[in-house]
>>> print(open('upload_15.txt').read())   # compact mmCIF, C-alpha atoms and all ligand atoms
# COMPACT_ATOMS: atom_id res chain seq x y z
CA MET A 21 39.26 -21.36 27.21
CA LYS A 22 36.47 -23.67 26.23
CA VAL A 23 33.94 -22.41 23.67
CA ALA A 24 31.07 -22.82 26.14
CA LYS A 25 32.88 -20.66 28.67
CA LYS A 26 33.60 -18.01 26.02
CA ILE A 27 29.93 -17.92 25.06
CA TYR A 28 29.00 -17.73 28.73
CA ILE A 29 31.31 -14.71 29.28
CA ALA A 30 30.09 -13.02 26.10
CA VAL A 31 26.46 -13.42 27.15
CA LEU A 32 27.33 -12.10 30.59
CA LEU A 33 29.06 -9.07 29.07
CA ILE A 34 26.12 -8.34 26.79
CA LEU A 35 23.78 -8.59 29.77
CA VAL A 36 25.89 -6.17 31.83
CA MET A 37 26.00 -3.74 28.89
CA MET A 38 22.24 -3.97 28.42
CA ILE A 39 21.56 -3.32 32.10
CA THR A 40 23.95 -0.34 32.13
CA PHE A 41 22.38 1.07 28.95
CA THR A 42 18.85 0.73 30.33
CA ALA A 43 19.88 2.31 33.63
CA CYS A 44 21.46 5.26 31.81
CA GLN A 45 18.43 5.64 29.61
CA ASN A 46 16.10 5.54 32.62
CA LYS A 47 18.21 8.12 34.36
CA ARG A 48 18.05 10.36 31.31
CA GLU A 49 14.31 9.89 31.01
CA ASN A 50 13.49 10.24 34.69
CA GLY A 51 16.13 12.57 35.83
CA THR A 52 18.76 14.67 34.29
CA HIS A 53 16.94 16.28 31.39
CA PRO A 54 13.77 18.11 32.37
CA LYS A 55 11.47 19.84 29.91
CA ASP A 56 10.84 23.48 30.71
CA ALA A 57 7.96 25.53 29.34
CA THR A 58 6.57 29.01 29.93
CA THR A 59 3.36 30.54 28.66
CA PHE A 60 0.82 33.21 29.54
CA LEU A 61 -2.53 31.89 30.73
CA MET A 62 -5.19 32.89 33.26
CA GLY A 63 -3.82 36.42 33.29
CA THR A 64 -0.41 35.32 34.51
CA VAL A 65 2.91 33.71 33.59
CA VAL A 66 2.73 29.93 33.80
CA GLN A 67 5.93 27.90 34.15
CA MET A 68 6.38 24.15 34.18
CA ARG A 69 9.40 21.88 34.64
CA VAL A 70 8.66 18.21 34.06
CA TYR A 71 10.98 15.20 34.27
CA GLY A 72 10.20 12.10 32.21
CA SER A 73 10.13 10.84 28.65
CA ASN A 74 6.52 12.02 28.23
CA ALA A 75 7.23 15.52 29.60
CA GLN A 76 6.25 17.41 26.44
CA GLU A 77 2.89 15.65 26.23
CA VAL A 78 2.24 16.33 29.93
CA ILE A 79 3.02 20.02 29.43
CA ASP A 80 0.80 20.25 26.33
CA ASN A 81 -2.11 18.58 28.11
CA SER A 82 -1.65 20.81 31.16
CA PHE A 83 -1.66 24.01 29.11
CA THR A 84 -4.75 22.83 27.22
CA ARG A 85 -6.54 22.21 30.51
CA LEU A 86 -5.52 25.62 31.87
CA ARG A 87 -6.86 27.29 28.74
CA GLU A 88 -10.13 25.41 29.20
CA ILE A 89 -10.46 26.64 32.80
CA GLU A 90 -9.58 30.19 31.76
CA ASN A 91 -12.27 30.08 29.07
CA GLU A 92 -14.81 29.05 31.68
CA MET A 93 -13.91 31.42 34.51
CA SER A 94 -12.24 34.55 33.16
CA THR A 95 -14.05 37.85 33.69
CA THR A 96 -12.34 39.37 30.66
CA ILE A 97 -13.43 36.67 28.19
CA VAL A 98 -16.96 37.66 27.19
CA SER A 99 -18.00 34.11 26.31
CA SER A 100 -16.89 32.62 29.66
CA GLU A 101 -19.44 31.10 32.00
CA ILE A 102 -18.62 33.70 34.63
CA SER A 103 -19.21 36.54 32.14
CA ARG A 104 -22.51 34.94 31.17
CA ILE A 105 -23.61 34.82 34.81
CA ASN A 106 -22.47 38.43 35.33
CA THR A 107 -24.39 39.74 32.34
CA HIS A 108 -27.60 37.83 33.12
CA PRO A 109 -28.61 38.71 36.69
CA GLY A 110 -31.91 37.18 37.76
CA GLU A 111 -31.44 34.17 35.45
CA ASP A 112 -30.41 30.64 36.33
CA ILE A 113 -27.27 30.01 34.30
CA LYS A 114 -26.22 26.42 33.78
CA VAL A 115 -22.48 25.94 34.24
CA ASN A 116 -20.21 22.94 34.01
CA ALA A 117 -18.58 21.11 36.89
CA ASP A 118 -15.37 23.20 37.02
CA THR A 119 -17.10 26.54 37.45
CA TYR A 120 -19.64 25.09 39.84
CA ARG A 121 -16.97 23.53 42.08
CA VAL A 122 -14.97 26.74 42.23
CA LEU A 123 -18.02 28.84 43.04
CA LYS A 124 -19.09 26.38 45.72
CA LYS A 125 -15.67 26.53 47.38
CA ALA A 126 -15.56 30.33 47.05
CA VAL A 127 -18.87 30.65 48.88
CA GLU A 128 -17.63 28.20 51.54
CA TYR A 129 -14.64 30.50 52.20
CA ALA A 130 -16.89 33.56 52.15
CA ASN A 131 -18.88 31.92 54.96
CA LEU A 132 -15.71 30.96 56.86
CA THR A 133 -14.36 34.52 56.72
CA ASN A 134 -17.60 36.44 57.24
CA GLY A 135 -17.42 37.74 53.71
CA LYS A 136 -13.83 39.02 53.77
CA PHE A 137 -13.13 36.47 51.06
CA ASN A 138 -15.85 37.46 48.64
CA PRO A 139 -16.47 36.05 45.14
CA ALA A 140 -19.05 38.83 44.60
CA ILE A 141 -16.20 41.38 44.74
CA GLY A 142 -16.54 42.10 40.97
CA PRO A 143 -18.01 45.65 41.11
CA LEU A 144 -15.22 46.80 43.42
CA VAL A 145 -12.47 45.12 41.35
CA LYS A 146 -13.86 46.86 38.25
CA LEU A 147 -14.05 50.23 40.01
CA TRP A 148 -10.39 50.16 41.08
CA SER A 149 -9.23 48.38 37.88
CA ILE A 150 -5.90 47.61 39.51
CA GLY A 151 -3.47 45.95 37.13
CA THR A 152 -5.05 47.67 34.10
CA GLU A 153 -4.36 51.01 32.45
CA ASN A 154 -7.61 52.35 33.96
CA ALA A 155 -6.42 51.95 37.56
CA ARG A 156 -7.37 54.92 39.75
CA VAL A 157 -8.41 55.87 43.27
CA PRO A 158 -12.22 56.04 43.11
CA ALA A 159 -14.28 58.69 44.87
CA GLU A 160 -15.74 57.81 48.27
CA ASP A 161 -19.36 57.68 46.98
CA GLU A 162 -18.37 55.42 44.07
CA ILE A 163 -16.89 52.99 46.58
CA LYS A 164 -20.07 53.11 48.69
CA GLU A 165 -22.22 52.37 45.63
CA ALA A 166 -20.03 49.45 44.52
CA LEU A 167 -20.02 47.99 48.06
CA LYS A 168 -23.81 47.79 48.05
CA LEU A 169 -23.51 45.10 45.37
CA VAL A 170 -20.74 43.09 47.05
CA ASN A 171 -22.78 40.44 48.82
CA TYR A 172 -22.01 36.75 48.39
CA GLN A 173 -25.35 35.83 49.97
CA TRP A 174 -27.04 37.00 46.77
CA ILE A 175 -25.31 34.25 44.79
CA ASP A 176 -27.82 31.42 44.36
CA LEU A 177 -26.35 28.00 43.70
CA ASP A 178 -28.50 25.02 42.76
CA ASP A 179 -26.59 21.78 43.37
CA GLU A 180 -29.02 19.59 41.45
CA GLN A 181 -29.28 21.67 38.29
CA MET A 182 -25.72 23.09 38.59
CA THR A 183 -27.07 26.56 37.91
CA VAL A 184 -25.95 29.91 39.26
CA MET A 185 -27.99 33.08 39.63
CA LEU A 186 -27.07 36.56 40.79
CA GLU A 187 -29.99 38.10 42.62
CA LYS A 188 -29.27 41.78 41.91
CA GLN A 189 -28.61 43.80 38.79
CA GLY A 190 -25.04 45.14 38.75
CA MET A 191 -23.56 42.35 40.85
CA SER A 192 -20.60 40.48 39.40
CA LEU A 193 -18.48 37.48 40.25
CA ASP A 194 -14.66 37.45 40.30
CA LEU A 195 -12.82 34.18 40.90
CA GLY A 196 -9.34 35.70 40.63
CA ALA A 197 -8.52 34.68 44.20
CA ILE A 198 -9.28 30.99 43.80
CA ALA A 199 -9.43 29.82 40.15
CA LYS A 200 -5.65 29.45 39.81
CA GLY A 201 -5.59 27.15 42.83
CA TYR A 202 -8.22 24.90 41.27
CA ALA A 203 -6.29 24.99 38.00
CA ALA A 204 -3.01 24.05 39.69
CA ASP A 205 -4.67 20.98 41.24
CA GLU A 206 -5.95 20.01 37.80
CA VAL A 207 -2.40 20.22 36.43
CA ARG A 208 -1.22 18.02 39.28
CA ARG A 209 -3.88 15.45 38.39
CA ILE A 210 -2.71 15.40 34.76
CA VAL A 211 0.95 15.10 35.80
CA LYS A 212 0.28 12.28 38.27
CA ASN A 213 -1.96 10.37 35.84
CA SER A 214 0.92 10.45 33.38
CA ARG A 215 3.09 8.71 35.99
CA VAL A 216 5.52 11.62 36.16
CA GLU A 217 7.23 11.53 39.54
CA SER A 218 8.94 14.87 39.54
CA ALA A 219 7.60 18.24 38.35
CA TYR A 220 7.34 21.91 39.27
CA VAL A 221 4.43 24.17 38.32
CA ASN A 222 4.13 27.91 38.89
CA LEU A 223 0.90 29.72 38.05
CA GLY A 224 1.93 33.29 38.82
CA GLY A 225 2.75 32.70 42.48
CA ASN A 226 0.69 29.52 42.92
CA VAL A 227 3.51 26.99 43.11
CA LEU A 228 2.98 23.25 43.14
CA VAL A 229 5.69 20.61 43.31
CA ILE A 230 5.20 16.97 42.49
CA GLY A 231 7.44 14.50 44.28
CA GLU A 232 11.01 15.58 44.90
CA LYS A 233 13.86 16.51 42.60
CA PRO A 234 15.25 13.52 40.70
CA ASP A 235 18.42 13.62 42.83
CA GLY A 236 16.30 12.83 45.89
CA THR A 237 16.51 16.30 47.47
CA PRO A 238 13.40 18.40 48.20
CA TRP A 239 12.32 21.21 45.91
CA LYS A 240 13.46 24.61 47.15
CA VAL A 241 10.74 27.17 46.59
CA GLY A 242 11.62 30.85 46.88
CA ILE A 243 9.47 33.32 48.80
CA GLN A 244 9.25 36.73 47.16
CA ASP A 245 10.57 39.76 49.04
CA PRO A 246 7.28 41.73 49.30
CA ARG A 247 9.10 45.06 49.04
CA HIS A 248 10.08 44.35 45.44
CA ASN A 249 8.61 43.24 42.17
CA ARG A 250 9.06 39.63 41.14
CA GLY A 251 12.50 38.09 41.23
CA ASN A 252 13.76 39.06 44.71
CA VAL A 253 13.70 36.08 47.02
CA MET A 254 13.95 36.62 50.81
CA ALA A 255 13.53 33.02 51.98
CA SER A 256 13.31 29.52 50.62
CA ILE A 257 11.25 26.58 51.78
CA ASP A 258 12.09 22.90 51.24
CA VAL A 259 9.10 20.86 50.15
CA ARG A 260 8.05 17.58 48.56
CA ASP A 261 4.58 17.00 47.06
CA LYS A 262 3.21 20.34 48.28
CA THR A 263 1.73 23.58 47.10
CA LEU A 264 2.87 27.05 48.17
CA VAL A 265 0.48 29.86 47.38
CA THR A 266 1.27 33.47 48.15
CA SER A 267 -0.99 36.51 48.25
CA GLY A 268 0.91 39.76 48.43
CA ASN A 269 0.55 43.49 48.01
CA TYR A 270 3.34 43.48 45.38
CA GLU A 271 1.59 41.30 42.83
CA ARG A 272 -0.60 43.97 41.22
CA TYR A 273 -0.67 47.55 42.41
CA PHE A 274 -0.28 51.18 41.49
CA GLU A 275 1.19 54.09 43.41
CA LYS A 276 -0.48 57.46 43.84
CA ASP A 277 0.87 60.31 45.99
CA GLY A 278 3.26 57.92 47.71
CA VAL A 279 0.51 55.45 48.63
CA ILE A 280 0.48 51.91 47.27
CA TYR A 281 -2.93 50.62 46.21
CA HIS A 282 -2.88 46.87 45.66
CA HIS A 283 -5.35 44.37 44.21
CA ILE A 284 -6.65 42.53 47.30
CA LEU A 285 -9.67 44.49 48.43
CA ASP A 286 -11.33 44.55 51.82
CA PRO A 287 -15.11 44.18 51.26
CA ASP A 288 -15.79 45.98 54.54
CA THR A 289 -13.93 49.18 53.65
CA GLY A 290 -13.87 49.06 49.86
CA TYR A 291 -10.13 49.83 49.91
CA PRO A 292 -7.09 47.59 49.47
CA ALA A 293 -6.79 45.39 52.56
CA ASP A 294 -4.59 46.91 55.24
CA SER A 295 -4.39 44.22 57.88
CA GLY A 296 -0.74 44.50 58.81
CA LEU A 297 0.53 41.90 56.33
CA LEU A 298 2.74 42.35 53.29
CA SER A 299 2.30 38.77 52.21
CA CYS A 300 0.84 35.45 53.23
CA THR A 301 2.11 32.10 51.97
CA ILE A 302 0.12 28.92 52.55
CA ILE A 303 1.85 25.54 52.39
CA THR A 304 -0.38 22.49 52.09
CA THR A 305 -1.37 19.64 49.77
CA ASP A 306 -4.23 21.21 47.78
CA SER A 307 -3.75 24.41 45.87
CA PHE A 308 -7.51 25.06 45.68
CA ASP A 309 -7.71 25.60 49.46
CA ALA A 310 -4.31 27.25 49.63
CA ASP A 311 -5.35 29.91 47.12
CA ALA A 312 -8.58 30.74 48.94
CA LEU A 313 -6.78 30.72 52.29
CA SER A 314 -3.85 32.92 51.29
CA THR A 315 -6.19 35.64 50.08
CA SER A 316 -8.44 35.23 53.13
CA ILE A 317 -5.59 35.45 55.64
CA PHE A 318 -4.00 38.36 53.82
CA ILE A 319 -7.24 40.32 54.32
CA LEU A 320 -7.95 39.05 57.86
CA GLY A 321 -4.46 39.88 59.17
CA PRO A 322 -2.17 37.90 61.46
CA ALA A 323 -4.37 37.45 64.56
CA LYS A 324 -7.65 36.45 62.89
CA GLY A 325 -5.80 34.73 60.08
CA LEU A 326 -3.99 32.39 62.44
CA GLU A 327 -7.27 31.66 64.21
CA LEU A 328 -8.74 30.55 60.89
CA LEU A 329 -5.64 28.48 60.17
CA GLU A 330 -6.13 26.55 63.39
CA GLU A 331 -9.56 25.42 62.21
CA ILE A 332 -8.10 23.68 59.19
CA ASP A 333 -5.91 20.56 59.40
CA GLY A 334 -2.65 20.06 57.52
CA VAL A 335 -2.09 23.67 56.60
CA GLU A 336 1.10 25.63 57.30
CA ALA A 337 1.72 29.33 56.78
CA MET A 338 4.43 31.93 56.52
CA LEU A 339 3.25 35.48 57.10
CA ILE A 340 5.31 38.64 56.56
CA THR A 341 4.20 41.62 58.60
CA LYS A 342 4.60 45.30 57.68
CA ASP A 343 7.54 45.67 60.07
CA LEU A 344 9.30 42.81 58.19
CA GLY A 345 8.56 40.24 60.89
CA ILE A 346 8.11 36.64 59.84
CA ILE A 347 5.49 34.44 61.47
CA LEU A 348 5.80 30.71 60.80
CA SER A 349 3.35 28.01 61.77
CA SER A 350 5.00 25.32 63.85
CA GLY A 351 4.97 22.58 61.20
CA ILE A 352 7.42 24.32 58.86
CA GLU A 353 9.84 25.96 61.23
CA GLY A 354 12.75 23.69 60.30
CA GLN A 355 12.15 23.88 56.56
CA VAL A 356 12.50 27.62 56.04
CA ASP A 357 15.80 29.33 55.18
CA ILE A 358 15.73 33.08 55.71
CA LEU A 359 18.07 34.64 53.17
CA ASN A 360 17.75 38.33 54.00
CA ASP A 361 18.71 39.84 57.38
CA ASP A 362 16.15 42.65 57.08
CA PHE A 363 13.51 40.07 58.07
CA GLN A 364 13.18 38.92 61.66
CA LEU A 365 11.60 35.70 62.81
CA ASN A 366 8.78 36.27 65.32
CA GLY A 367 6.91 33.67 67.34
CA MET A 368 3.32 32.67 66.56
P1 LIG B 401 -4.91 36.36 45.15
O1 LIG B 401 -3.76 36.84 44.35
O2 LIG B 401 -5.19 34.90 45.03
O3 LIG B 401 -4.82 36.77 46.58
O4 LIG B 401 -6.22 37.00 44.55
C1 LIG B 401 -6.37 38.37 44.29
C2 LIG B 401 -7.46 38.59 43.27
O5 LIG B 401 -8.71 38.18 43.83
C3 LIG B 401 -7.66 40.03 42.87
O6 LIG B 401 -6.88 40.38 41.75
C4 LIG B 401 -9.16 40.09 42.56
O7 LIG B 401 -9.42 39.59 41.27
C5 LIG B 401 -9.74 39.13 43.56
N1 LIG B 401 -10.09 39.74 44.86
C6 LIG B 401 -9.76 40.95 45.36
N2 LIG B 401 -10.26 41.14 46.60
C7 LIG B 401 -10.93 39.98 46.91
C8 LIG B 401 -11.70 39.54 48.03
N3 LIG B 401 -11.88 40.31 49.11
N4 LIG B 401 -12.25 38.30 47.98
C9 LIG B 401 -12.10 37.51 46.90
N5 LIG B 401 -11.41 37.88 45.81
C10 LIG B 401 -10.83 39.08 45.80
MG MG B 402 -5.85 33.46 46.41
>>> encode(input="upload_15.txt", output="structure tokens", more="lines below")
Ligand code: AMP
Ligand code: MG
Amino acid sequence: MKVAKKIYIAVLLILVMMITFTACQNKRENGTHPKDATTFLMGTVVQMRVYGSNAQEVIDNSFTRLREIENEMSTTIVSSEISRINTHPGEDIKVNADTYRVLKKAVEYANLTNGKFNPAIGPLVKLWSIGTENARVPAEDEIKEALKLVNYQWIDLDDEQMTVMLEKQGMSLDLGAIAKGYAADEVRRIVKNSRVESAYVNLGGNVLVIGEKPDGTPWKVGIQDPRHNRGNVMASIDVRDKTLVTSGNYERYFEKDGVIYHHILDPDTGYPADSGLLSCTIITTDSFDADALSTSIFILGPAKGLELLEEIDGVEAMLITKDLGIILSSGIEGQVDILNDDFQLNGM
């Protein structure tokens, strides 16, 4: 063999080896080895799975951002902006863009649902204290008193100054039904800006998936069996680039004399919502809307809830009724796998 030919073959071999090595490395970076992380933030367990060489950095930045949002909006952190508003009724409180945006959206959903979704629910949440060691069934007159203060129309928002004022002493804001949705969208922004193509985020039932799994299949997201605590899945839904947000009676509750009292309260009765649903899952692109909608529809019930759904484009839902019926919106019928025969598929 001539020397030139030998050199040619050697160069070719080196090239092939380099290409194979790079391909393997890419595969390792993009695919086979995800980074998993779990922490406790915003009053819930936060899980992330991120694929990519910069996964750890993406996770760190996401958790930092979530902590920032929690510090702005938590009702249990005394220095939060929401706590400041709650403890200074009658005063214009300047807030930053995150809190303002979330409050704006919360009031928008309060208007859409005639106050069933109600960011001024604070006094009632405090009275029931569900999910804390002080949880109890309040007396009828205590409920009546608290309800007098649950009025979202007494929240004054000034778009120019970005200030918030509560009109009445004793009122208080609670963004527990919407802040996690906003936060999940913020995590998505961080993940996408870092050019990660595949990730899974779960903020205590607010699930968000970015792209598809590295093997090209959709993410399979489990739907909780509402008769049990976390961990029992009764269906799974195949999704790419979507959020799935569930509101359910099983998330936070206590039992007294055989009755379950859960954390989603009906501002018209003052009691846990009893609309015929055990859970409501919203499937769409933005978690912010999905979070507000899942709580709203859970309180409104199947008939009114589906009416509301029709007003909003690009939103799918899976509702579970008290008799274990499943109602699916038409856009996701083919993507849902029901894994438990106790549940029966009903029409819309
Ligand atoms: P979610 O799990 O998103 O459905 O939100 C439930 C949380 O929202 C509760 O733990 C309360 O903090 C708050 N909440 C309860 N009832 C209402 C309501 N009617 N409107 C808005 N937020 C509520
Ligand atoms: Mg919600």
>>> closest_residue(input="upload_15.txt", among="A:His283, A:Arg156, A:Arg104, A:Arg260", to="ligand LIG 401 (chain B)", atoms="all atoms listed in the file")
A:His283
>>> residues_around(input="upload_15.txt", residues="segment 296-313 of chain A", least_positions_apart="2", cutoff="9 Å", atoms="all atoms listed in the file", output="ChimeraX atom specification")
/A:122,125-126,129,137,197-205,226-228,243-247,259,261-270,293-294,315-319,321-322,325,328-329,334-344,352
>>> closest_atom_pairs(input="upload_15.txt", of="segment 197-303 of chain A", to="segment 353-364 of chain A", cutoff="8 Å", atoms="all atoms listed in the file", output="CSV")
residue,atom,partner,partner_atom,distance
A:Val253,CA,A:Leu359,CA,7.7
A:Met254,CA,A:Leu359,CA,5.1
A:Ala255,CA,A:Ile358,CA,4.3
A:Ser256,CA,A:Asp357,CA,5.2
A:Ile257,CA,A:Val356,CA,4.6
A:Asp258,CA,A:Gln355,CA,5.4
A:Val259,CA,A:Gln355,CA,7.7
>>> closest_residue(input="upload_15.txt", among="A:Thr96, A:Thr133, A:Asn366, A:Asn252", to="Thr152 of chain A", atoms="all atoms listed in the file")
A:Thr96
>>> residues_around(input="upload_15.txt", residues="Ala155 of chain A", least_positions_apart="2", cutoff="10 Å", atoms="only C-alpha atoms", output="PyMOL selection string")
chain A and resi 145-153+157-158+273-275+281
>>> atom_distance(input="upload_15.txt", atom1="atom CA of Thr64 of chain A", atom2="atom CA of Ser94 of chain A")
11.9 Å
